[in-house]
Amino acid sequence: MQVGDNIAVVKQTFEYVLRWSDIRTWGTDMPPIDGDLVYVPKGMNLLVDESTPQLEGILVQNGTLTFADEGPLTVKAGFITLVGGRFMAGT
């Protein structure tokens, strides 16, 4: 990769992360409410950075579900199912 006339060497890995707390994460819909099922598809990295409502569940299908360690948070879900994706919690 080149930046201007210089060769750029990237030694770090970067991932695009969607924050639970960011309204843009949910597109034109509202953020999840009590009883909702949250779907994390392939290519999506969802960062849970605030406590959730009482969800029916969270289905991660080839995506990534990451829990922030920025302070206390509570995830309320009837289930969390991981199908070929990643589940990242803790340090």
# chains A, B, ... in the order shown; residues from 1 in each chain; ligands from 1
call {"tool": "select_by_dssp", "arguments": {"residues": "chain A", "states": "strand (DSSP E or B)", "output": "ChimeraX atom specification"}}
result
/A:2-3,6-7,18-19,37-40,45-48,54-55,57-61,64-67,76-77,80-83,86-88
call {"tool": "residues_around", "arguments": {"residues": "range 21-25 of chain A", "least_positions_apart": "3", "cutoff": "7 Å", "atoms": "only C-alpha atoms", "output": "short mmCIF file (atom, residue, chain, number, x, y, z; two decimals) with C-alpha atoms, in the first residue's frame"}}
result
data_model
loop_
_atom_site.label_atom_id
_atom_site.label_comp_id
_atom_site.auth_asym_id
_atom_site.auth_seq_id
_atom_site.Cartn_x
_atom_site.Cartn_y
_atom_site.Cartn_z
CA LEU A 18 -20.64 -1.26 15.46
CA PRO A 31 -32.48 -0.04 19.08
CA ASP A 49 -21.05 -1.19 25.28
CA GLU A 50 -24.15 -0.64 27.43
#
call {"tool": "closest_residue", "arguments": {"among": "A:Ile7, A:Lys42, A:Asp34, A:Val48", "to": "Trp20 in chain A", "atoms": "only C-alpha atoms"}}
result
A:Val48
call {"tool": "closest_residue", "arguments": {"among": "A:Thr28, A:Thr74, A:Asn6, A:Thr81", "to": "Asn62 in chain A", "atoms": "only C-alpha atoms"}}
result
A:Thr81
call {"tool": "atom_distance", "arguments": {"atom1": "CA of Gln12 in chain A", "atom2": "CA of Thr66 in chain A"}}
result
18.7 Å
call {"tool": "residues_around", "arguments": {"residues": "Ser51 in chain A", "least_positions_apart": "3", "cutoff": "12 Å", "atoms": "only C-alpha atoms", "output": "JSON, numbers by chain"}}
result
{"A": [19, 20, 21, 32, 33, 47, 48, 54, 55, 67, 68, 69, 70, 71, 72, 73, 74, 75, 76, 77]}
call {"tool": "closest_residue", "arguments": {"among": "A:Gly27, A:Thr13, A:Asp36, A:Val83", "to": "Leu65 in chain A", "atoms": "only C-alpha atoms"}}
result
A:Val83
call {"tool": "select_by_dssp", "arguments": {"residues": "range 23-68 of chain A", "states": "helix (DSSP H, G or I)", "output": "PyMOL selection string"}}
result
chain A and resi 23-26
call {"tool": "atom_distance", "arguments": {"atom1": "CA of Ala89 in chain A", "atom2": "CA of Trp26 in chain A"}}
result
21.8 Å
call {"tool": "closest_residue", "arguments": {"among": "A:Pro53, A:Ile58, A:Asn45, A:Asp29", "to": "Arg86 in chain A", "atoms": "only C-alpha atoms"}}
result
A:Asn45
call {"tool": "atom_distance", "arguments": {"atom1": "CA of Leu46 in chain A", "atom2": "CA of Thr64 in chain A"}}
result
6.2 Å
call {"tool": "closest_residue", "arguments": {"among": "A:Phe79, A:Asp5, A:Met88, A:Glu56", "to": "Gly35 in chain A", "atoms": "only C-alpha atoms"}}
result
A:Glu56
call {"tool": "decode", "arguments": {"residues": "range 2-73 of chain A", "atoms": "C-alpha atoms", "output": "PDB file, in the first residue's frame"}}
result
ATOM      1  CA  GLN A   2       1.221   3.504  -0.753  1.00  0.00           C
ATOM      2  CA  VAL A   3       0.406   6.828   0.879  1.00  0.00           C
ATOM      3  CA  GLY A   4       1.468   9.597  -1.464  1.00  0.00           C
ATOM      4  CA  ASP A   5       5.034   8.834  -2.489  1.00  0.00           C
ATOM      5  CA  ASN A   6       5.699   6.715   0.613  1.00  0.00           C
ATOM      6  CA  ILE A   7       5.203   3.014   1.141  1.00  0.00           C
ATOM      7  CA  ALA A   8       2.967   2.360   4.146  1.00  0.00           C
ATOM      8  CA  VAL A   9       3.566  -0.699   6.285  1.00  0.00           C
ATOM      9  CA  VAL A  10       0.639  -1.701   8.452  1.00  0.00           C
ATOM     10  CA  LYS A  11       1.532  -4.020  11.308  1.00  0.00           C
ATOM     11  CA  GLN A  12      -1.764  -3.799  13.195  1.00  0.00           C
ATOM     12  CA  THR A  13      -5.112  -5.425  12.509  1.00  0.00           C
ATOM     13  CA  PHE A  14      -8.145  -3.187  12.429  1.00  0.00           C
ATOM     14  CA  GLU A  15     -11.786  -4.179  12.625  1.00  0.00           C
ATOM     15  CA  TYR A  16     -14.836  -2.078  11.917  1.00  0.00           C
ATOM     16  CA  VAL A  17     -17.016  -2.275  15.038  1.00  0.00           C
ATOM     17  CA  LEU A  18     -20.644  -1.256  15.460  1.00  0.00           C
ATOM     18  CA  ARG A  19     -21.467  -0.007  18.966  1.00  0.00           C
ATOM     19  CA  TRP A  20     -24.719  -1.151  20.571  1.00  0.00           C
ATOM     20  CA  SER A  21     -25.154   2.397  21.934  1.00  0.00           C
ATOM     21  CA  ASP A  22     -24.890   4.041  18.487  1.00  0.00           C
ATOM     22  CA  ILE A  23     -28.311   4.585  16.878  1.00  0.00           C
ATOM     23  CA  ARG A  24     -26.669   4.169  13.440  1.00  0.00           C
ATOM     24  CA  THR A  25     -25.919   0.527  14.271  1.00  0.00           C
ATOM     25  CA  TRP A  26     -29.610  -0.268  13.950  1.00  0.00           C
ATOM     26  CA  GLY A  27     -30.166   1.491  10.597  1.00  0.00           C
ATOM     27  CA  THR A  28     -33.660   2.870  10.239  1.00  0.00           C
ATOM     28  CA  ASP A  29     -34.968   0.733  13.101  1.00  0.00           C
ATOM     29  CA  MET A  30     -35.062   1.539  16.785  1.00  0.00           C
ATOM     30  CA  PRO A  31     -32.482  -0.038  19.083  1.00  0.00           C
ATOM     31  CA  PRO A  32     -33.610  -3.411  20.454  1.00  0.00           C
ATOM     32  CA  ILE A  33     -36.356  -3.399  23.077  1.00  0.00           C
ATOM     33  CA  ASP A  34     -37.645  -5.987  25.551  1.00  0.00           C
ATOM     34  CA  GLY A  35     -38.470  -9.277  23.826  1.00  0.00           C
ATOM     35  CA  ASP A  36     -36.424  -8.623  20.663  1.00  0.00           C
ATOM     36  CA  LEU A  37     -34.096 -11.144  19.022  1.00  0.00           C
ATOM     37  CA  VAL A  38     -30.751  -9.628  17.976  1.00  0.00           C
ATOM     38  CA  TYR A  39     -29.038 -11.101  14.893  1.00  0.00           C
ATOM     39  CA  VAL A  40     -25.288 -10.651  14.274  1.00  0.00           C
ATOM     40  CA  PRO A  41     -24.553 -11.796  10.685  1.00  0.00           C
ATOM     41  CA  LYS A  42     -21.280 -12.611   8.935  1.00  0.00           C
ATOM     42  CA  GLY A  43     -18.994  -9.606   8.706  1.00  0.00           C
ATOM     43  CA  MET A  44     -20.616  -7.730  11.593  1.00  0.00           C
ATOM     44  CA  ASN A  45     -18.730  -7.032  14.828  1.00  0.00           C
ATOM     45  CA  LEU A  46     -21.242  -5.834  17.435  1.00  0.00           C
ATOM     46  CA  LEU A  47     -19.713  -4.198  20.509  1.00  0.00           C
ATOM     47  CA  VAL A  48     -22.090  -4.370  23.477  1.00  0.00           C
ATOM     48  CA  ASP A  49     -21.055  -1.189  25.276  1.00  0.00           C
ATOM     49  CA  GLU A  50     -24.149  -0.637  27.433  1.00  0.00           C
ATOM     50  CA  SER A  51     -26.644  -2.784  29.319  1.00  0.00           C
ATOM     51  CA  THR A  52     -29.302  -4.402  27.154  1.00  0.00           C
ATOM     52  CA  PRO A  53     -33.054  -4.661  27.574  1.00  0.00           C
ATOM     53  CA  GLN A  54     -34.500  -8.107  28.386  1.00  0.00           C
ATOM     54  CA  LEU A  55     -33.930  -9.763  24.989  1.00  0.00           C
ATOM     55  CA  GLU A  56     -35.443 -12.993  23.731  1.00  0.00           C
ATOM     56  CA  GLY A  57     -31.925 -13.861  22.615  1.00  0.00           C
ATOM     57  CA  ILE A  58     -28.838 -13.031  20.588  1.00  0.00           C
ATOM     58  CA  LEU A  59     -27.959 -15.120  17.522  1.00  0.00           C
ATOM     59  CA  VAL A  60     -24.413 -14.744  16.215  1.00  0.00           C
ATOM     60  CA  GLN A  61     -24.104 -16.390  12.799  1.00  0.00           C
ATOM     61  CA  ASN A  62     -20.534 -16.072  11.529  1.00  0.00           C
ATOM     62  CA  GLY A  63     -20.287 -12.571  13.022  1.00  0.00           C
ATOM     63  CA  THR A  64     -18.585 -11.319  16.178  1.00  0.00           C
ATOM     64  CA  LEU A  65     -20.143 -10.373  19.499  1.00  0.00           C
ATOM     65  CA  THR A  66     -17.765  -8.366  21.683  1.00  0.00           C
ATOM     66  CA  PHE A  67     -18.442  -7.150  25.210  1.00  0.00           C
ATOM     67  CA  ALA A  68     -16.852  -3.868  26.285  1.00  0.00           C
ATOM     68  CA  ASP A  69     -14.852  -3.831  29.486  1.00  0.00           C
ATOM     69  CA  GLU A  70     -15.286  -0.083  30.037  1.00  0.00           C
ATOM     70  CA  GLY A  71     -17.395  -0.524  33.159  1.00  0.00           C
ATOM     71  CA  PRO A  72     -20.243  -2.567  34.538  1.00  0.00           C
ATOM     72  CA  LEU A  73     -22.914  -3.703  32.099  1.00  0.00           C
TER      73      LEU A  73
END
